[in-house]
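Here's the structure we're looking at; comments come further down.
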Amino acid sequence: MNLKMIAYSLGKILQIEAALLAVPLCVGLIYHEGQTIYLAYLGASCLAFLIGSLLKARKPKDTNIYTKDGLVIVALVWLVYSVIGCLPLIITGEVPQFVDAFFEIISGFTTTGASIIPNVEALSQASLFWRSFTHLIGGMGVILFALAVMPGLGAETIHIMKAEATGPNFGKVSHTIQDTARRLYLIYLSMTAILTLVLLLCGMNLFDAMIHAFSAAGTGGFSNYKNSVGHFNSPLIEVVLGFGVLAFGVNFNVYHYLLLSKFRSRPKSEEVNWYLSIVGIATLLISLNILPQVLAQGGNYWASLRHSFFYTTSIMTTTGFVTVDYTLWPVFSRTMLLAVMCIGGCAGSTAGGLKVSRVAMMTKSAILGIRGSQEPRRALPLRFEYKAVRPEKLRKVFQFLVIYILFFALCMFVVSLDQVTFEEAFGSVAASINCIGPGMGRMGPFGNYAILTPLSKYTLCFAMIAGRLEFYPLLMLLGAPFSKKRAV
């Protein structure tokens, strides 16, 4: 590996975090929140800048970034960003324990939205803003943001971008990596600005609108209220956020192609068709299942449909906004939510989970396997996105599934050492590895993860970052000390 180039790249990206930490500092100044808040964010910003400057003091002669280097850079950046990003919470005393502050911020950057803070409303405005701002930064990717703003990047950075991209496909939307990153981020930030404006029109104040728009954009789910979106008690806001997170669960390449065609034609995307179909079917089934309960509480079918749509989109896009306690719903509805939680959004979106494209290919492969057993002499090629899928690509999809299951089981064993039920252990791991946030039981929509021991919290931190980066960067980082050969 090119260790000098890894350190140099990490240094440049850390200097960006120094600038990002200045934003919550400005929020603290606007709200006159006191010297402790100012010093906490200013100190963390200066530390990030100092470490970044030391790491990039000398540019290496060999500036090549190989595949393994890209994976290691991505894993290191996300870990170091989270370590430095959690320092203000510790310095201010708002979250005094490192494990808790680290859990909170890594949950932010990975857009998980799981929290250990029992009463978020007690936090300063600067810290509330920083939590949701990490969703906005991590939604499209820390590295993608860095590539969009850092000058002088070469084509070799494609290995970094590939390492952070989610899903089985990676595609450039422009002839250069930096232009690709800038175009995607422009779309992302424009959509965030539009959602912020719509939420303002729905009655939110500017701070609330920004907090919830950032969380929706990153499909993270942090709120500045203990009752999340339920605080507003507004069906209109629920519907707006439901459609908002649904939009951010779509592959951003689709939006780019729509803009190129000036909306004259809709790009063909089989994955988007699967995505919308799953949302539609799950919404309908859950609404019918919870209807008797809603009627008993004085509601009607439209209230049942609204709750179902809001939670299906919130959970499938791995956002985690909440309004009512879905753990009180019938088992069928809870099981359906767990299923869509694992499926997740589209590849190339801000959502987590297995990704719709992988689930679609595995489903089609299973169907072809059944048909093949009935017609063994007939060639049945697998097609997805209107073209044949190479065997190598399908093999990687199933390899990812195996890693996902093994990692899930390992985390389950560790968390089950705590005094938790099976549903709570399963729900917390599923919520972390799929970057969803709320789990089941005491870690449910109106609970938090504070009850867990440090071992379980660190395990779930590991699960959050592994799930967000889809395992390989973190596995490569762990295996880097034992690797002797350079990856090309």
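Each chain in the structure tokens gets a letter, A, B and so on, in the order shown; residues start at 1 in every chain, and ligands are counted from 1 in the order they appear.
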
Could you go through segment 301-467 of chain A and tell me which residues DSSP, when run on the backbone, assigns to strand (DSSP E or B), listing them as an mmCIF file with all heavy atoms, in the first residue's frame?
data_model
loop_
_atom_site.group_PDB
_atom_site.id
_atom_site.type_symbol
_atom_site.label_atom_id
_atom_site.label_comp_id
_atom_site.auth_asym_id
_atom_site.auth_seq_id
_atom_site.Cartn_x
_atom_site.Cartn_y
_atom_site.Cartn_z
ATOM 1 N N ARG A 383 -31.386 -11.178 -16.216
ATOM 2 C CA ARG A 383 -31.365 -9.826 -16.752
ATOM 3 C C ARG A 383 -31.824 -8.850 -15.666
ATOM 4 O O ARG A 383 -32.790 -9.107 -14.942
ATOM 5 C CB ARG A 383 -32.273 -9.700 -17.976
ATOM 6 C CG ARG A 383 -31.866 -10.589 -19.135
ATOM 7 C CD ARG A 383 -32.775 -10.382 -20.343
ATOM 8 N NE ARG A 383 -32.653 -9.047 -20.908
ATOM 9 C CZ ARG A 383 -31.692 -8.675 -21.753
ATOM 10 N NH1 ARG A 383 -30.779 -9.549 -22.136
ATOM 11 N NH2 ARG A 383 -31.649 -7.443 -22.209
ATOM 12 N N PHE A 384 -31.106 -7.750 -15.557
ATOM 13 C CA PHE A 384 -31.487 -6.682 -14.632
ATOM 14 C C PHE A 384 -31.096 -5.355 -15.244
ATOM 15 O O PHE A 384 -30.043 -5.236 -15.866
ATOM 16 C CB PHE A 384 -30.799 -6.859 -13.269
ATOM 17 C CG PHE A 384 -31.253 -5.863 -12.245
ATOM 18 C CD1 PHE A 384 -32.542 -5.917 -11.735
ATOM 19 C CD2 PHE A 384 -30.408 -4.850 -11.797
ATOM 20 C CE1 PHE A 384 -32.984 -4.991 -10.795
ATOM 21 C CE2 PHE A 384 -30.840 -3.927 -10.859
ATOM 22 C CZ PHE A 384 -32.140 -3.995 -10.357
ATOM 23 N N LYS A 387 -30.588 -5.551 -19.136
ATOM 24 C CA LYS A 387 -29.412 -6.160 -19.766
ATOM 25 C C LYS A 387 -28.971 -7.366 -18.943
ATOM 26 O O LYS A 387 -29.326 -7.506 -17.769
ATOM 27 C CB LYS A 387 -28.264 -5.147 -19.881
ATOM 28 C CG LYS A 387 -27.813 -4.559 -18.562
ATOM 29 C CD LYS A 387 -26.751 -3.490 -18.789
ATOM 30 C CE LYS A 387 -26.319 -2.856 -17.461
ATOM 31 N NZ LYS A 387 -25.315 -1.774 -17.675
ATOM 32 N N ALA A 388 -28.220 -8.246 -19.602
ATOM 33 C CA ALA A 388 -27.783 -9.475 -18.938
ATOM 34 C C ALA A 388 -26.793 -9.157 -17.827
ATOM 35 O O ALA A 388 -25.952 -8.262 -17.955
ATOM 36 C CB ALA A 388 -27.144 -10.413 -19.957
#

| task | Rank nothing, just name the residue among A:Gly353, A:Gly139, A:Pro381, A:Gly242 nearest to Arg306 of chain A, using only C-alpha atoms. | result | A:Gly242

Residues of segment 219-341 of chain A in helix (DSSP H, G or I), written as a PDB file with N, CA and C atoms, in the first residue's frame:
ATOM      1  N   SER A 228     -39.598  13.330  17.979  1.00  0.00           N
ATOM      2  CA  SER A 228     -39.288  13.375  16.550  1.00  0.00           C
ATOM      3  C   SER A 228     -40.374  14.135  15.782  1.00  0.00           C
ATOM      4  N   VAL A 229     -40.790  13.631  14.643  1.00  0.00           N
ATOM      5  CA  VAL A 229     -41.786  14.316  13.817  1.00  0.00           C
ATOM      6  C   VAL A 229     -43.145  14.350  14.522  1.00  0.00           C
ATOM      7  N   GLY A 230     -43.381  13.404  15.434  1.00  0.00           N
ATOM      8  CA  GLY A 230     -44.627  13.393  16.195  1.00  0.00           C
ATOM      9  C   GLY A 230     -44.826  14.657  17.018  1.00  0.00           C
ATOM     10  N   HIS A 231     -43.751  15.394  17.282  1.00  0.00           N
ATOM     11  CA  HIS A 231     -43.842  16.642  18.055  1.00  0.00           C
ATOM     12  C   HIS A 231     -44.762  17.653  17.374  1.00  0.00           C
ATOM     13  N   PRO A 235     -50.373  16.123  10.068  1.00  0.00           N
ATOM     14  CA  PRO A 235     -50.442  15.166   8.953  1.00  0.00           C
ATOM     15  C   PRO A 235     -49.739  15.683   7.700  1.00  0.00           C
ATOM     16  N   LEU A 236     -49.816  16.998   7.468  1.00  0.00           N
ATOM     17  CA  LEU A 236     -49.184  17.578   6.278  1.00  0.00           C
ATOM     18  C   LEU A 236     -47.670  17.396   6.328  1.00  0.00           C
ATOM     19  N   ILE A 237     -47.060  17.663   7.487  1.00  0.00           N
ATOM     20  CA  ILE A 237     -45.610  17.499   7.626  1.00  0.00           C
ATOM     21  C   ILE A 237     -45.221  16.032   7.475  1.00  0.00           C
ATOM     22  N   GLU A 238     -46.043  15.129   8.010  1.00  0.00           N
ATOM     23  CA  GLU A 238     -45.776  13.695   7.859  1.00  0.00           C
ATOM     24  C   GLU A 238     -45.728  13.299   6.391  1.00  0.00           C
ATOM     25  N   VAL A 239     -46.719  13.763   5.626  1.00  0.00           N
ATOM     26  CA  VAL A 239     -46.790  13.400   4.203  1.00  0.00           C
ATOM     27  C   VAL A 239     -45.617  14.005   3.440  1.00  0.00           C
ATOM     28  N   VAL A 240     -45.295  15.259   3.733  1.00  0.00           N
ATOM     29  CA  VAL A 240     -44.176  15.926   3.048  1.00  0.00           C
ATOM     30  C   VAL A 240     -42.860  15.191   3.320  1.00  0.00           C
ATOM     31  N   LEU A 241     -42.606  14.857   4.575  1.00  0.00           N
ATOM     32  CA  LEU A 241     -41.375  14.150   4.912  1.00  0.00           C
ATOM     33  C   LEU A 241     -41.383  12.732   4.349  1.00  0.00           C
ATOM     34  N   GLY A 242     -42.578  12.105   4.282  1.00  0.00           N
ATOM     35  CA  GLY A 242     -42.669  10.776   3.681  1.00  0.00           C
ATOM     36  C   GLY A 242     -42.234  10.796   2.228  1.00  0.00           C
ATOM     37  N   PHE A 243     -42.752  11.752   1.465  1.00  0.00           N
ATOM     38  CA  PHE A 243     -42.347  11.872   0.060  1.00  0.00           C
ATOM     39  C   PHE A 243     -40.907  12.359  -0.059  1.00  0.00           C
ATOM     40  N   GLY A 244     -40.484  13.184   0.910  1.00  0.00           N
ATOM     41  CA  GLY A 244     -39.106  13.680   0.890  1.00  0.00           C
ATOM     42  C   GLY A 244     -38.091  12.562   1.026  1.00  0.00           C
ATOM     43  N   VAL A 245     -38.258  11.710   2.032  1.00  0.00           N
ATOM     44  CA  VAL A 245     -37.298  10.620   2.222  1.00  0.00           C
ATOM     45  C   VAL A 245     -37.407   9.604   1.099  1.00  0.00           C
ATOM     46  N   LEU A 246     -38.616   9.441   0.544  1.00  0.00           N
ATOM     47  CA  LEU A 246     -38.793   8.547  -0.599  1.00  0.00           C
ATOM     48  C   LEU A 246     -37.942   9.018  -1.780  1.00  0.00           C
ATOM     49  N   ALA A 247     -37.905  10.334  -1.987  1.00  0.00           N
ATOM     50  CA  ALA A 247     -37.116  10.898  -3.088  1.00  0.00           C
ATOM     51  C   ALA A 247     -35.618  10.701  -2.866  1.00  0.00           C
ATOM     52  N   PHE A 248     -35.171  10.823  -1.618  1.00  0.00           N
ATOM     53  CA  PHE A 248     -33.744  10.668  -1.336  1.00  0.00           C
ATOM     54  C   PHE A 248     -33.322   9.196  -1.339  1.00  0.00           C
ATOM     55  N   PHE A 252     -29.225   8.731  -7.290  1.00  0.00           N
ATOM     56  CA  PHE A 252     -29.078  10.112  -7.739  1.00  0.00           C
ATOM     57  C   PHE A 252     -28.667  10.215  -9.202  1.00  0.00           C
ATOM     58  N   ASN A 253     -28.160   9.147  -9.777  1.00  0.00           N
ATOM     59  CA  ASN A 253     -27.878   9.154 -11.206  1.00  0.00           C
ATOM     60  C   ASN A 253     -29.153   9.338 -12.017  1.00  0.00           C
ATOM     61  N   VAL A 254     -30.278   8.826 -11.481  1.00  0.00           N
ATOM     62  CA  VAL A 254     -31.567   8.973 -12.159  1.00  0.00           C
ATOM     63  C   VAL A 254     -31.928  10.452 -12.276  1.00  0.00           C
ATOM     64  N   TYR A 255     -31.721  11.203 -11.193  1.00  0.00           N
ATOM     65  CA  TYR A 255     -32.016  12.637 -11.234  1.00  0.00           C
ATOM     66  C   TYR A 255     -31.095  13.366 -12.211  1.00  0.00           C
ATOM     67  N   HIS A 256     -29.855  12.925 -12.270  1.00  0.00           N
ATOM     68  CA  HIS A 256     -28.916  13.549 -13.195  1.00  0.00           C
ATOM     69  C   HIS A 256     -29.364  13.353 -14.639  1.00  0.00           C
ATOM     70  N   TYR A 257     -29.792  12.142 -14.962  1.00  0.00           N
ATOM     71  CA  TYR A 257     -30.255  11.873 -16.323  1.00  0.00           C
ATOM     72  C   TYR A 257     -31.554  12.621 -16.631  1.00  0.00           C
ATOM     73  N   LEU A 258     -32.412  12.794 -15.613  1.00  0.00           N
ATOM     74  CA  LEU A 258     -33.635  13.577 -15.801  1.00  0.00           C
ATOM     75  C   LEU A 258     -33.299  15.026 -16.147  1.00  0.00           C
ATOM     76  N   LEU A 259     -32.310  15.580 -15.454  1.00  0.00           N
ATOM     77  CA  LEU A 259     -31.900  16.958 -15.725  1.00  0.00           C
ATOM     78  C   LEU A 259     -31.293  17.091 -17.116  1.00  0.00           C
ATOM     79  N   LEU A 260     -30.512  16.096 -17.519  1.00  0.00           N
ATOM     80  CA  LEU A 260     -29.907  16.139 -18.846  1.00  0.00           C
ATOM     81  C   LEU A 260     -30.965  16.139 -19.944  1.00  0.00           C
ATOM     82  N   GLU A 270     -35.046  -0.193 -13.714  1.00  0.00           N
ATOM     83  CA  GLU A 270     -35.771  -1.319 -13.144  1.00  0.00           C
ATOM     84  C   GLU A 270     -35.702  -1.282 -11.625  1.00  0.00           C
ATOM     85  N   GLU A 271     -34.568  -0.823 -11.083  1.00  0.00           N
ATOM     86  CA  GLU A 271     -34.420  -0.752  -9.634  1.00  0.00           C
ATOM     87  C   GLU A 271     -35.434   0.213  -9.027  1.00  0.00           C
ATOM     88  N   VAL A 272     -35.642   1.372  -9.649  1.00  0.00           N
ATOM     89  CA  VAL A 272     -36.614   2.342  -9.143  1.00  0.00           C
ATOM     90  C   VAL A 272     -38.024   1.751  -9.198  1.00  0.00           C
ATOM     91  N   ASN A 273     -38.318   0.995 -10.266  1.00  0.00           N
ATOM     92  CA  ASN A 273     -39.635   0.352 -10.362  1.00  0.00           C
ATOM     93  C   ASN A 273     -39.846  -0.645  -9.217  1.00  0.00           C
ATOM     94  N   TRP A 274     -38.819  -1.445  -8.918  1.00  0.00           N
ATOM     95  CA  TRP A 274     -38.887  -2.377  -7.781  1.00  0.00           C
ATOM     96  C   TRP A 274     -39.073  -1.600  -6.474  1.00  0.00           C
ATOM     97  N   TYR A 275     -38.302  -0.547  -6.324  1.00  0.00           N
ATOM     98  CA  TYR A 275     -38.321   0.275  -5.108  1.00  0.00           C
ATOM     99  C   TYR A 275     -39.714   0.832  -4.833  1.00  0.00           C
ATOM    100  N   LEU A 276     -40.309   1.463  -5.837  1.00  0.00           N
ATOM    101  CA  LEU A 276     -41.627   2.053  -5.665  1.00  0.00           C
ATOM    102  C   LEU A 276     -42.700   0.982  -5.471  1.00  0.00           C
ATOM    103  N   SER A 277     -42.524  -0.158  -6.137  1.00  0.00           N
ATOM    104  CA  SER A 277     -43.489  -1.251  -5.985  1.00  0.00           C
ATOM    105  C   SER A 277     -43.469  -1.816  -4.570  1.00  0.00           C
ATOM    106  N   ILE A 278     -42.268  -1.998  -4.020  1.00  0.00           N
ATOM    107  CA  ILE A 278     -42.151  -2.523  -2.648  1.00  0.00           C
ATOM    108  C   ILE A 278     -42.777  -1.552  -1.655  1.00  0.00           C
ATOM    109  N   VAL A 279     -42.492  -0.251  -1.841  1.00  0.00           N
ATOM    110  CA  VAL A 279     -43.076   0.759  -0.954  1.00  0.00           C
ATOM    111  C   VAL A 279     -44.602   0.728  -1.041  1.00  0.00           C
ATOM    112  N   GLY A 280     -45.123   0.653  -2.261  1.00  0.00           N
ATOM    113  CA  GLY A 280     -46.564   0.648  -2.455  1.00  0.00           C
ATOM    114  C   GLY A 280     -47.240  -0.564  -1.837  1.00  0.00           C
ATOM    115  N   ILE A 281     -46.676  -1.752  -2.072  1.00  0.00           N
ATOM    116  CA  ILE A 281     -47.260  -2.985  -1.535  1.00  0.00           C
ATOM    117  C   ILE A 281     -47.189  -3.007  -0.011  1.00  0.00           C
ATOM    118  N   ALA A 282     -46.016  -2.648   0.542  1.00  0.00           N
ATOM    119  CA  ALA A 282     -45.855  -2.645   2.000  1.00  0.00           C
ATOM    120  C   ALA A 282     -46.790  -1.635   2.653  1.00  0.00           C
ATOM    121  N   THR A 283     -46.940  -0.466   2.048  1.00  0.00           N
ATOM    122  CA  THR A 283     -47.838   0.562   2.586  1.00  0.00           C
ATOM    123  C   THR A 283     -49.273   0.047   2.638  1.00  0.00           C
ATOM    124  N   LEU A 284     -49.720  -0.571   1.554  1.00  0.00           N
ATOM    125  CA  LEU A 284     -51.092  -1.078   1.493  1.00  0.00           C
ATOM    126  C   LEU A 284     -51.336  -2.177   2.526  1.00  0.00           C
ATOM    127  N   LEU A 285     -50.416  -3.143   2.615  1.00  0.00           N
ATOM    128  CA  LEU A 285     -50.596  -4.269   3.535  1.00  0.00           C
ATOM    129  C   LEU A 285     -50.575  -3.814   4.997  1.00  0.00           C
ATOM    130  N   ILE A 286     -49.638  -2.922   5.328  1.00  0.00           N
ATOM    131  CA  ILE A 286     -49.559  -2.442   6.715  1.00  0.00           C
ATOM    132  C   ILE A 286     -50.790  -1.619   7.070  1.00  0.00           C
ATOM    133  N   SER A 287     -51.266  -0.792   6.130  1.00  0.00           N
ATOM    134  CA  SER A 287     -52.441   0.038   6.417  1.00  0.00           C
ATOM    135  C   SER A 287     -53.664  -0.820   6.709  1.00  0.00           C
ATOM    136  N   LEU A 288     -53.811  -1.932   5.982  1.00  0.00           N
ATOM    137  CA  LEU A 288     -54.941  -2.831   6.228  1.00  0.00           C
ATOM    138  C   LEU A 288     -54.776  -3.572   7.552  1.00  0.00           C
ATOM    139  N   ASN A 289     -53.523  -3.897   7.892  1.00  0.00           N
ATOM    140  CA  ASN A 289     -53.264  -4.648   9.110  1.00  0.00           C
ATOM    141  C   ASN A 289     -53.493  -3.814  10.372  1.00  0.00           C
ATOM    142  N   ILE A 290     -53.131  -2.531  10.315  1.00  0.00           N
ATOM    143  CA  ILE A 290     -53.280  -1.677  11.502  1.00  0.00           C
ATOM    144  C   ILE A 290     -54.632  -0.963  11.540  1.00  0.00           C
ATOM    145  N   LEU A 291     -55.457  -1.132  10.492  1.00  0.00           N
ATOM    146  CA  LEU A 291     -56.729  -0.419  10.409  1.00  0.00           C
ATOM    147  C   LEU A 291     -57.633  -0.650  11.629  1.00  0.00           C
ATOM    148  N   PRO A 292     -57.826  -1.906  12.080  1.00  0.00           N
ATOM    149  CA  PRO A 292     -58.684  -2.088  13.270  1.00  0.00           C
ATOM    150  C   PRO A 292     -58.182  -1.325  14.492  1.00  0.00           C
ATOM    151  N   GLN A 293     -56.852  -1.279  14.664  1.00  0.00           N
ATOM    152  CA  GLN A 293     -56.279  -0.559  15.805  1.00  0.00           C
ATOM    153  C   GLN A 293     -56.503   0.934  15.672  1.00  0.00           C
ATOM    154  N   VAL A 294     -56.344   1.459  14.460  1.00  0.00           N
ATOM    155  CA  VAL A 294     -56.546   2.892  14.215  1.00  0.00           C
ATOM    156  C   VAL A 294     -58.012   3.266  14.411  1.00  0.00           C
ATOM    157  N   LEU A 295     -58.919   2.412  13.924  1.00  0.00           N
ATOM    158  CA  LEU A 295     -60.343   2.677  14.086  1.00  0.00           C
ATOM    159  C   LEU A 295     -60.736   2.676  15.563  1.00  0.00           C
ATOM    160  N   ALA A 296     -60.130   1.773  16.333  1.00  0.00           N
ATOM    161  CA  ALA A 296     -60.424   1.699  17.771  1.00  0.00           C
ATOM    162  C   ALA A 296     -59.963   2.944  18.502  1.00  0.00           C
ATOM    163  N   TYR A 301     -59.571   5.185   7.768  1.00  0.00           N
ATOM    164  CA  TYR A 301     -58.635   4.492   6.873  1.00  0.00           C
ATOM    165  C   TYR A 301     -57.527   5.420   6.391  1.00  0.00           C
ATOM    166  N   TRP A 302     -57.854   6.703   6.172  1.00  0.00           N
ATOM    167  CA  TRP A 302     -56.831   7.619   5.672  1.00  0.00           C
ATOM    168  C   TRP A 302     -55.739   7.853   6.709  1.00  0.00           C
ATOM    169  N   ALA A 303     -56.105   7.858   7.979  1.00  0.00           N
ATOM    170  CA  ALA A 303     -55.093   7.959   9.032  1.00  0.00           C
ATOM    171  C   ALA A 303     -54.218   6.715   9.045  1.00  0.00           C
ATOM    172  N   SER A 304     -54.851   5.553   8.856  1.00  0.00           N
ATOM    173  CA  SER A 304     -54.106   4.296   8.786  1.00  0.00           C
ATOM    174  C   SER A 304     -53.144   4.297   7.599  1.00  0.00           C
ATOM    175  N   LEU A 305     -53.623   4.785   6.452  1.00  0.00           N
ATOM    176  CA  LEU A 305     -52.783   4.843   5.255  1.00  0.00           C
ATOM    177  C   LEU A 305     -51.634   5.828   5.444  1.00  0.00           C
ATOM    178  N   ARG A 306     -51.928   6.960   6.109  1.00  0.00           N
ATOM    179  CA  ARG A 306     -50.875   7.961   6.343  1.00  0.00           C
ATOM    180  C   ARG A 306     -49.784   7.417   7.246  1.00  0.00           C
ATOM    181  N   HIS A 307     -50.173   6.763   8.353  1.00  0.00           N
ATOM    182  CA  HIS A 307     -49.186   6.180   9.260  1.00  0.00           C
ATOM    183  C   HIS A 307     -48.368   5.103   8.538  1.00  0.00           C
ATOM    184  N   SER A 308     -49.055   4.293   7.754  1.00  0.00           N
ATOM    185  CA  SER A 308     -48.383   3.212   7.042  1.00  0.00           C
ATOM    186  C   SER A 308     -47.381   3.755   6.024  1.00  0.00           C
ATOM    187  N   PHE A 309     -47.806   4.769   5.250  1.00  0.00           N
ATOM    188  CA  PHE A 309     -46.921   5.363   4.244  1.00  0.00           C
ATOM    189  C   PHE A 309     -45.717   6.027   4.898  1.00  0.00           C
ATOM    190  N   PHE A 310     -45.967   6.781   5.965  1.00  0.00           N
ATOM    191  CA  PHE A 310     -44.882   7.484   6.638  1.00  0.00           C
ATOM    192  C   PHE A 310     -43.841   6.499   7.162  1.00  0.00           C
ATOM    193  N   TYR A 311     -44.294   5.431   7.836  1.00  0.00           N
ATOM    194  CA  TYR A 311     -43.337   4.493   8.413  1.00  0.00           C
ATOM    195  C   TYR A 311     -42.678   3.607   7.369  1.00  0.00           C
ATOM    196  N   THR A 312     -43.411   3.232   6.330  1.00  0.00           N
ATOM    197  CA  THR A 312     -42.799   2.419   5.276  1.00  0.00           C
ATOM    198  C   THR A 312     -41.672   3.184   4.597  1.00  0.00           C
ATOM    199  N   THR A 313     -41.918   4.439   4.255  1.00  0.00           N
ATOM    200  CA  THR A 313     -40.875   5.240   3.607  1.00  0.00           C
ATOM    201  C   THR A 313     -39.745   5.564   4.580  1.00  0.00           C
ATOM    202  N   SER A 314     -40.109   5.879   5.824  1.00  0.00           N
ATOM    203  CA  SER A 314     -39.097   6.213   6.827  1.00  0.00           C
ATOM    204  C   SER A 314     -38.185   5.032   7.127  1.00  0.00           C
ATOM    205  N   ILE A 315     -38.768   3.835   7.228  1.00  0.00           N
ATOM    206  CA  ILE A 315     -37.977   2.652   7.577  1.00  0.00           C
ATOM    207  C   ILE A 315     -37.245   2.091   6.367  1.00  0.00           C
ATOM    208  N   MET A 316     -37.914   2.012   5.201  1.00  0.00           N
ATOM    209  CA  MET A 316     -37.253   1.435   4.027  1.00  0.00           C
ATOM    210  C   MET A 316     -36.095   2.299   3.553  1.00  0.00           C
ATOM    211  N   TYR A 326     -44.642   2.292  16.666  1.00  0.00           N
ATOM    212  CA  TYR A 326     -44.968   1.141  15.821  1.00  0.00           C
ATOM    213  C   TYR A 326     -44.732  -0.196  16.527  1.00  0.00           C
ATOM    214  N   THR A 327     -44.048  -0.197  17.666  1.00  0.00           N
ATOM    215  CA  THR A 327     -43.849  -1.456  18.386  1.00  0.00           C
ATOM    216  C   THR A 327     -45.162  -1.961  18.993  1.00  0.00           C
ATOM    217  N   LEU A 328     -46.202  -1.098  19.018  1.00  0.00           N
ATOM    218  CA  LEU A 328     -47.522  -1.497  19.507  1.00  0.00           C
ATOM    219  C   LEU A 328     -48.406  -2.023  18.382  1.00  0.00           C
ATOM    220  N   VAL A 331     -47.973  -7.936  14.955  1.00  0.00           N
ATOM    221  CA  VAL A 331     -46.705  -8.579  14.599  1.00  0.00           C
ATOM    222  C   VAL A 331     -46.467  -8.526  13.096  1.00  0.00           C
ATOM    223  N   PHE A 332     -47.522  -8.705  12.305  1.00  0.00           N
ATOM    224  CA  PHE A 332     -47.361  -8.680  10.840  1.00  0.00           C
ATOM    225  C   PHE A 332     -46.750  -7.361  10.375  1.00  0.00           C
ATOM    226  N   SER A 333     -47.265  -6.254  10.903  1.00  0.00           N
ATOM    227  CA  SER A 333     -46.764  -4.934  10.488  1.00  0.00           C
ATOM    228  C   SER A 333     -45.323  -4.723  10.931  1.00  0.00           C
ATOM    229  N   ARG A 334     -44.993  -5.154  12.146  1.00  0.00           N
ATOM    230  CA  ARG A 334     -43.613  -5.024  12.633  1.00  0.00           C
ATOM    231  C   ARG A 334     -42.658  -5.877  11.804  1.00  0.00           C
ATOM    232  N   THR A 335     -43.117  -7.071  11.436  1.00  0.00           N
ATOM    233  CA  THR A 335     -42.289  -7.951  10.599  1.00  0.00           C
ATOM    234  C   THR A 335     -42.082  -7.342   9.224  1.00  0.00           C
ATOM    235  N   MET A 336     -43.137  -6.739   8.686  1.00  0.00           N
ATOM    236  CA  MET A 336     -43.027  -6.082   7.381  1.00  0.00           C
ATOM    237  C   MET A 336     -42.026  -4.927   7.443  1.00  0.00           C
ATOM    238  N   LEU A 337     -42.048  -4.174   8.535  1.00  0.00           N
ATOM    239  CA  LEU A 337     -41.101  -3.068   8.682  1.00  0.00           C
ATOM    240  C   LEU A 337     -39.664  -3.579   8.790  1.00  0.00           C
ATOM    241  N   LEU A 338     -39.477  -4.695   9.498  1.00  0.00           N
ATOM    242  CA  LEU A 338     -38.134  -5.291   9.572  1.00  0.00           C
ATOM    243  C   LEU A 338     -37.659  -5.735   8.197  1.00  0.00           C
ATOM    244  N   ALA A 339     -38.578  -6.253   7.391  1.00  0.00           N
ATOM    245  CA  ALA A 339     -38.215  -6.724   6.050  1.00  0.00           C
ATOM    246  C   ALA A 339     -37.770  -5.567   5.160  1.00  0.00           C
ATOM    247  N   VAL A 340     -38.577  -4.478   5.132  1.00  0.00           N
ATOM    248  CA  VAL A 340     -38.199  -3.349   4.280  1.00  0.00           C
ATOM    249  C   VAL A 340     -36.974  -2.640   4.828  1.00  0.00           C
ATOM    250  N   MET A 341     -36.762  -2.724   6.160  1.00  0.00           N
ATOM    251  CA  MET A 341     -35.559  -2.176   6.772  1.00  0.00           C
ATOM    252  C   MET A 341     -34.310  -2.827   6.190  1.00  0.00           C
TER     253      MET A 341
END
